[in-house]
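Inspection log for the structure reproduced underneath, given as structure tokens.
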Amino acid sequence: MIPTVHYVMGGIPTTINAEVVSPTEGNPDAVVPGLMAIGEAACVSVHGANRLGTNSLLDLIVFGRAAALRAAEIVKPGSRVPEANGHSEERTLQALRQDPPQQGRQ
């Protein structure tokens, strides 16, 4: 038998509707428009916040459905995703290329 990890702590902070939370000074519950996370990445679980269901089918069903319902509310037919400005991609690639990565970089 191969052991598996069923739950781990941490993850991307999200609402119960799978929207990624990115706190600001004025709003600790601010969400990133259009960005969602569920399953192994999200910091939400049927077993409590900050507990990742790494192989929990129940988590995927519950929060996958919540994400789909929320996406149906906010994504309008025919809407377009704004083009990236090119700077964010390069900044991300530079951060990934660093050895070792710097903690706390903005």
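Labels used: A, B, ... for chains in the order of the structure tokens, numbers from 1 for residues in each chain, and numbers from 1 for ligands as shown.
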
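Secondary structure of segment 9-103 of chain A, alpha helix (DSSP H) only (DSSP, backbone atoms): A:Leu57, A:Leu58, A:Asp59, A:Leu60, A:Ile61, A:Val62, A:Phe63, A:Gly64, A:Arg65, A:Ala66, A:Ala67, A:Ala68, A:Leu69, A:Arg70, A:Ala71, A:Ala72, A:Glu73, A:Ile74, A:His87, A:Ser88, A:Glu89, A:Glu90, A:Arg91, A:Thr92, A:Leu93, A:Gln94, A:Ala95, A:Leu96, A:Arg97.
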
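Shortest separation to Thr15 of chain A among A:Leu35, A:Val75, A:Leu60, A:Val44 occurs at residue A:Val44, atoms counted being only C-alpha atoms.
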
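By only C-alpha atoms, and with residues fewer than 4 positions from segment 64-67 of chain A along its chain excluded, the set lying at most 6 Å from it is Asn17, Ala18, Leu60 and Ala71 of chain A.
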
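Atom CA of Ile16 of chain A is positioned 7.3 Å from atom CA of Phe63 of chain A.
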